[in-house]
file entry20.txt (compact mmCIF, C-alpha atoms)
# COMPACT_ATOMS: atom_id res chain seq x y z
CA MET A 1 165.48 36.46 262.02
CA ALA A 2 164.44 40.05 262.60
CA VAL A 3 166.44 42.23 264.94
CA ASN A 4 164.41 44.18 267.47
CA ASN A 5 164.50 47.82 266.35
CA THR A 6 164.89 49.04 269.94
CA ARG A 7 168.32 47.43 270.27
CA HIS A 8 171.29 49.77 270.02
CA LEU A 9 173.70 47.78 267.84
CA VAL A 10 177.08 49.36 268.50
CA ASN A 11 179.07 46.11 268.52
CA LEU A 12 179.21 42.84 266.64
CA ALA A 13 179.53 39.56 268.57
CA LEU A 14 180.58 36.31 266.92
CA ILE A 15 179.50 33.11 268.62
CA GLY A 16 179.90 29.51 267.55
CA PHE A 17 181.86 26.36 268.15
CA MET A 18 185.66 26.20 268.08
CA GLY A 19 186.99 25.98 264.56
CA THR A 20 184.13 27.83 262.91
CA GLY A 21 186.29 30.88 262.18
CA LYS A 22 185.34 33.36 264.91
CA SER A 23 188.87 34.69 265.41
CA SER A 24 189.97 34.92 261.78
CA VAL A 25 186.59 36.16 260.51
CA GLY A 26 186.33 38.55 263.47
CA ARG A 27 189.69 40.17 262.78
CA LEU A 28 188.88 40.68 259.12
CA ALA A 29 185.37 42.01 259.86
CA ALA A 30 186.83 44.43 262.43
CA ASP A 31 189.27 45.72 259.79
CA GLN A 32 186.48 46.17 257.24
CA LEU A 33 184.24 48.00 259.75
CA HIS A 34 187.14 50.01 261.25
CA PHE A 35 186.22 48.54 264.65
CA ALA A 36 188.40 47.30 267.48
CA TYR A 37 188.78 43.52 267.76
CA LEU A 38 188.44 41.68 271.05
CA ASP A 39 188.72 37.94 271.64
CA THR A 40 187.22 36.94 275.00
CA ASP A 41 189.53 33.93 275.39
CA GLU A 42 192.62 36.02 274.63
CA LEU A 43 191.55 38.72 277.08
CA ILE A 44 190.94 36.18 279.87
CA GLN A 45 194.39 34.68 279.24
CA SER A 46 195.97 38.14 279.25
CA ARG A 47 194.25 39.14 282.49
CA THR A 48 194.99 35.90 284.34
CA GLY A 49 198.46 35.33 282.92
CA ARG A 50 197.40 31.73 282.26
CA ASN A 51 196.23 29.79 279.24
CA ILE A 52 192.72 28.41 279.09
CA ALA A 53 193.86 24.79 279.26
CA ASP A 54 195.61 25.58 282.55
CA ILE A 55 192.53 27.32 283.98
CA PHE A 56 190.35 24.35 283.00
CA GLU A 57 192.83 21.84 284.41
CA LYS A 58 193.62 23.55 287.73
CA ASP A 59 190.46 25.55 288.52
CA GLY A 60 187.83 23.69 286.48
CA GLU A 61 185.42 24.77 283.78
CA PRO A 62 183.02 26.55 286.22
CA ALA A 63 185.83 28.92 287.29
CA PHE A 64 186.57 29.71 283.64
CA ARG A 65 182.89 30.31 282.90
CA LYS A 66 182.71 32.75 285.83
CA LEU A 67 185.64 34.72 284.35
CA GLU A 68 183.79 34.76 281.02
CA GLN A 69 180.60 36.08 282.60
CA GLN A 70 182.49 38.86 284.39
CA LEU A 71 184.13 39.88 281.12
CA VAL A 72 180.87 39.82 279.15
CA SER A 73 179.21 42.16 281.66
CA GLU A 74 182.01 44.68 281.01
CA LEU A 75 181.54 44.54 277.23
CA ALA A 76 178.31 46.57 277.32
CA ALA A 77 180.50 49.64 277.88
CA ARG A 78 182.33 49.05 274.58
CA GLN A 79 181.45 50.55 271.22
CA ARG A 80 182.61 49.80 267.69
CA THR A 81 184.05 46.43 268.67
CA VAL A 82 183.95 43.03 267.03
CA ILE A 83 183.83 40.51 269.87
CA ALA A 84 184.92 36.93 269.15
CA THR A 85 183.64 34.73 271.97
CA GLY A 86 184.75 31.41 273.31
CA GLY A 87 182.71 28.46 272.02
CA GLY A 88 180.92 27.81 275.31
CA LEU A 89 180.25 31.43 276.25
CA PRO A 90 176.70 31.61 274.81
CA ALA A 91 175.63 28.48 276.74
CA ASN A 92 175.22 30.84 279.70
CA PRO A 93 171.90 32.65 279.07
CA ILE A 94 173.16 35.65 281.08
CA ASN A 95 176.03 36.09 278.59
CA LEU A 96 173.72 35.88 275.59
CA ALA A 97 171.23 38.35 277.07
CA SER A 98 174.01 40.79 277.95
CA LEU A 99 175.51 40.67 274.45
CA LYS A 100 172.10 41.22 272.86
CA THR A 101 171.78 44.57 274.63
CA HIS A 102 174.54 46.14 272.52
CA ALA A 103 175.64 43.76 269.76
CA LEU A 104 174.34 42.01 266.70
CA ILE A 105 175.01 38.36 267.44
CA VAL A 106 176.23 36.31 264.49
CA CYS A 107 176.74 32.59 264.91
CA LEU A 108 179.35 31.00 262.69
CA TRP A 109 178.39 27.38 262.07
CA ALA A 110 180.29 24.42 260.61
CA SER A 111 179.74 20.69 260.38
CA PRO A 112 181.42 18.43 262.96
CA GLU A 113 183.61 17.02 260.16
CA LYS A 114 184.82 20.47 259.07
CA ILE A 115 185.43 21.50 262.69
CA TRP A 116 187.53 18.37 263.30
CA GLU A 117 189.48 19.04 260.09
CA ARG A 118 190.25 22.57 261.28
CA VAL A 119 191.15 21.88 264.94
CA ARG A 120 192.64 18.37 265.01
CA ASN A 121 196.25 19.61 265.09
CA GLN A 122 195.67 22.30 267.73
CA THR A 123 196.92 21.57 271.23
CA HIS A 124 195.34 24.55 273.04
CA ARG A 125 191.79 23.14 272.98
CA PRO A 126 191.10 21.72 276.48
CA LEU A 127 187.73 20.28 275.54
CA LEU A 128 189.37 18.11 272.86
CA CYS A 129 191.60 16.32 275.37
CA ASP A 130 189.27 13.38 275.08
CA PRO A 131 189.81 9.77 273.97
CA ASP A 132 187.35 10.37 271.09
CA PRO A 133 187.56 14.07 270.16
CA ARG A 134 185.25 13.67 267.15
CA LEU A 135 182.52 12.27 269.38
CA LYS A 136 183.19 15.07 271.91
CA ILE A 137 182.70 17.66 269.15
CA ARG A 138 179.35 16.10 268.19
CA GLU A 139 178.22 15.92 271.82
CA LEU A 140 179.19 19.53 272.60
CA LEU A 141 177.60 20.81 269.39
CA ALA A 142 174.35 19.05 270.31
CA VAL A 143 174.37 20.66 273.77
CA ARG A 144 175.28 24.13 272.49
CA GLU A 145 173.16 24.25 269.35
CA PRO A 146 170.04 25.61 271.10
CA PHE A 147 172.13 28.53 272.40
CA TYR A 148 173.84 29.13 269.05
CA ARG A 149 170.43 29.22 267.35
CA GLN A 150 169.48 32.23 269.50
CA ALA A 151 171.87 34.36 267.43
CA ASP A 152 170.42 37.07 265.23
CA VAL A 153 172.13 35.56 262.19
CA LEU A 154 173.55 32.10 261.41
CA ILE A 155 176.31 31.82 258.80
CA ASN A 156 177.64 28.45 257.67
CA THR A 157 181.42 28.59 257.18
CA ASP A 158 181.90 25.05 255.81
CA LEU A 159 182.26 26.20 252.20
CA ARG A 160 183.08 29.89 252.73
CA SER A 161 186.56 31.32 252.81
CA VAL A 162 187.46 33.56 255.75
CA ARG A 163 187.11 36.57 253.44
CA GLU A 164 183.66 35.48 252.20
CA ALA A 165 182.46 34.82 255.75
CA ALA A 166 183.77 38.20 256.93
CA GLN A 167 182.04 39.98 254.04
CA GLN A 168 178.77 38.23 254.92
CA VAL A 169 179.15 39.19 258.60
CA VAL A 170 179.84 42.84 257.73
CA HIS A 171 176.87 42.90 255.35
CA GLN A 172 174.56 41.49 258.03
CA PHE A 173 175.82 44.03 260.58
CA LYS A 174 175.35 47.00 258.27
CA SER A 175 171.89 45.78 257.27
CA ALA A 176 170.87 45.34 260.91
CA GLN A 177 172.16 48.79 261.83
CA SER A 178 170.15 50.42 259.08
CA GLY A 179 167.07 48.36 259.91
CA ARG A 180 166.92 46.66 256.51
CA ARG A 181 166.90 43.09 257.80
call {"tool": "encode", "arguments": {"input": "entry20.txt", "output": "structure tokens"}}
result
Amino acid sequence: MAVNNTRHLVNLALIGFMGTGKSSVGRLAADQLHFAYLDTDELIQSRTGRNIADIFEKDGEPAFRKLEQQLVSELAARQRTVIATGGGLPANPINLASLKTHALIVCLWASPEKIWERVRNQTHRPLLCDPDPRLKIRELLAVREPFYRQADVLINTDLRSVREAAQQVVHQFKSAQSGRR
């Protein structure tokens, strides 16, 4: 997918479903690029003093999504930042459009089986508090896939190590910045 040459790519945004490696790949890519690292979920938790599961439980998902949208609008002022987003953040077209004004958007993708393998022992995932979490993963992936596919680049992390995925992300970013894509 070609990146519009008029975009000013000063940041790198990682989107994708939970368990695809956004946080671990993002930190490593930020180190390699000598960029700051920002995780939207972590920043929301820091600002609210609450964890995401609590926000979902007490205020509901729409309240959390509003916090996400407010944060994303602030990110356009950042430069030289790798932004790891929450899994549902790109499902809001306003968020995706805002990120595209200043960041190369890379979607990390994994199969539902690999995602389940990676997240099944994690308790901080509110959307997996479901009687059939594997089915929930499949359902959410189906809903979010059209948004994820709007990324500039898709990278499958099923068979890539964190280091390999980060190297691919950095390569894609540098290529996009120089207009070689």
call {"tool": "residues_around", "arguments": {"input": "entry20.txt", "residues": "Leu12 (chain A)", "least_positions_apart": "3", "cutoff": "10 Å", "atoms": "only C-alpha atoms", "output": "list in words"}}
result
Leu9, Ile15, Gly26, Ala29, Ala30, Leu33, Phe35, Tyr37, Gln79, Arg80, Thr81, Val82, Ile83, Ala84, Leu99, Lys100, His102, Ala103, Leu104, Ile105, Val106, Val169, Val170, Gln172 and Phe173 of chain A
call {"tool": "write_last_selection", "arguments": {"input": "entry20.txt", "atoms": "C-alpha atoms", "output": "mmCIF file, in the coordinates of the input"}}
result
data_model
loop_
_atom_site.group_PDB
_atom_site.id
_atom_site.type_symbol
_atom_site.label_atom_id
_atom_site.label_comp_id
_atom_site.auth_asym_id
_atom_site.auth_seq_id
_atom_site.Cartn_x
_atom_site.Cartn_y
_atom_site.Cartn_z
ATOM 1 C CA LEU A 9 173.700 47.780 267.840
ATOM 2 C CA ILE A 15 179.500 33.110 268.620
ATOM 3 C CA GLY A 26 186.330 38.550 263.470
ATOM 4 C CA ALA A 29 185.370 42.010 259.860
ATOM 5 C CA ALA A 30 186.830 44.430 262.430
ATOM 6 C CA LEU A 33 184.240 48.000 259.750
ATOM 7 C CA PHE A 35 186.220 48.540 264.650
ATOM 8 C CA TYR A 37 188.780 43.520 267.760
ATOM 9 C CA GLN A 79 181.450 50.550 271.220
ATOM 10 C CA ARG A 80 182.610 49.800 267.690
ATOM 11 C CA THR A 81 184.050 46.430 268.670
ATOM 12 C CA VAL A 82 183.950 43.030 267.030
ATOM 13 C CA ILE A 83 183.830 40.510 269.870
ATOM 14 C CA ALA A 84 184.920 36.930 269.150
ATOM 15 C CA LEU A 99 175.510 40.670 274.450
ATOM 16 C CA LYS A 100 172.100 41.220 272.860
ATOM 17 C CA HIS A 102 174.540 46.140 272.520
ATOM 18 C CA ALA A 103 175.640 43.760 269.760
ATOM 19 C CA LEU A 104 174.340 42.010 266.700
ATOM 20 C CA ILE A 105 175.010 38.360 267.440
ATOM 21 C CA VAL A 106 176.230 36.310 264.490
ATOM 22 C CA VAL A 169 179.150 39.190 258.600
ATOM 23 C CA VAL A 170 179.840 42.840 257.730
ATOM 24 C CA GLN A 172 174.560 41.490 258.030
ATOM 25 C CA PHE A 173 175.820 44.030 260.580
#
call {"tool": "atom_distance", "arguments": {"input": "entry20.txt", "atom1": "CA of Pro146 (chain A)", "atom2": "CA of Pro133 (chain A)"}}
result
21.0 Å
call {"tool": "closest_residue", "arguments": {"input": "entry20.txt", "among": "A:Val10, A:Met18, A:Ile55, A:Val72", "to": "Arg120 (chain A)", "atoms": "only C-alpha atoms"}}
result
A:Met18
call {"tool": "residues_around", "arguments": {"input": "entry20.txt", "residues": "Ala110 (chain A)", "least_positions_apart": "4", "cutoff": "7 Å", "atoms": "only C-alpha atoms", "output": "JSON, numbers by chain"}}
result
{"A": [20, 114, 115, 156, 157, 158]}
call {"tool": "residues_around", "arguments": {"input": "entry20.txt", "residues": "Glu68 (chain A)", "least_positions_apart": "4", "cutoff": "12 Å", "atoms": "only C-alpha atoms", "output": "PyMOL selection string"}}
result
chain A and resi 39-45+47-48+52+55+61-64+72-75+85-92+94-96+98
call {"tool": "atom_distance", "arguments": {"input": "entry20.txt", "atom1": "CA of Val119 (chain A)", "atom2": "CA of Gly21 (chain A)"}}
result
10.6 Å
call {"tool": "closest_residue", "arguments": {"input": "entry20.txt", "among": "A:Ala53, A:Gly179, A:Leu71, A:Leu28", "to": "Leu128 (chain A)", "atoms": "all atoms listed in the file"}}
result
A:Ala53
call {"tool": "atom_distance", "arguments": {"input": "entry20.txt", "atom1": "CA of Lys22 (chain A)", "atom2": "CA of Ile155 (chain A)"}}
result
11.0 Å
call {"tool": "residues_near_point", "arguments": {"input": "entry20.txt", "point": "(169.4, 33.7, 272.3)", "cutoff": "7 Å", "atoms": "only C-alpha atoms", "output": "JSON, numbers by chain"}}
result
{"A": [96, 97, 147, 149, 150, 151]}
call {"tool": "residues_around", "arguments": {"input": "entry20.txt", "residues": "Leu154 (chain A)", "least_positions_apart": "6", "cutoff": "7 Å", "atoms": "only C-alpha atoms", "output": "VMD selection string"}}
result
chain A and resid 106 to 109
call {"tool": "axis_aligned_box", "arguments": {"input": "entry20.txt", "around": "region 22-33 of chain A", "padding_each_side": "3 Å", "output": "JSON"}}
result
{"center_x": 187.1, "center_y": 40.7, "center_z": 261.3, "size_x": 11.7, "size_y": 20.6, "size_z": 14.2}
call {"tool": "residues_near_point", "arguments": {"input": "entry20.txt", "point": "(188.2, 13.9, 263.2)", "cutoff": "12 Å", "atoms": "all atoms listed in the file", "output": "ChimeraX atom specification"}}
result
/A:111-121,128,130-138
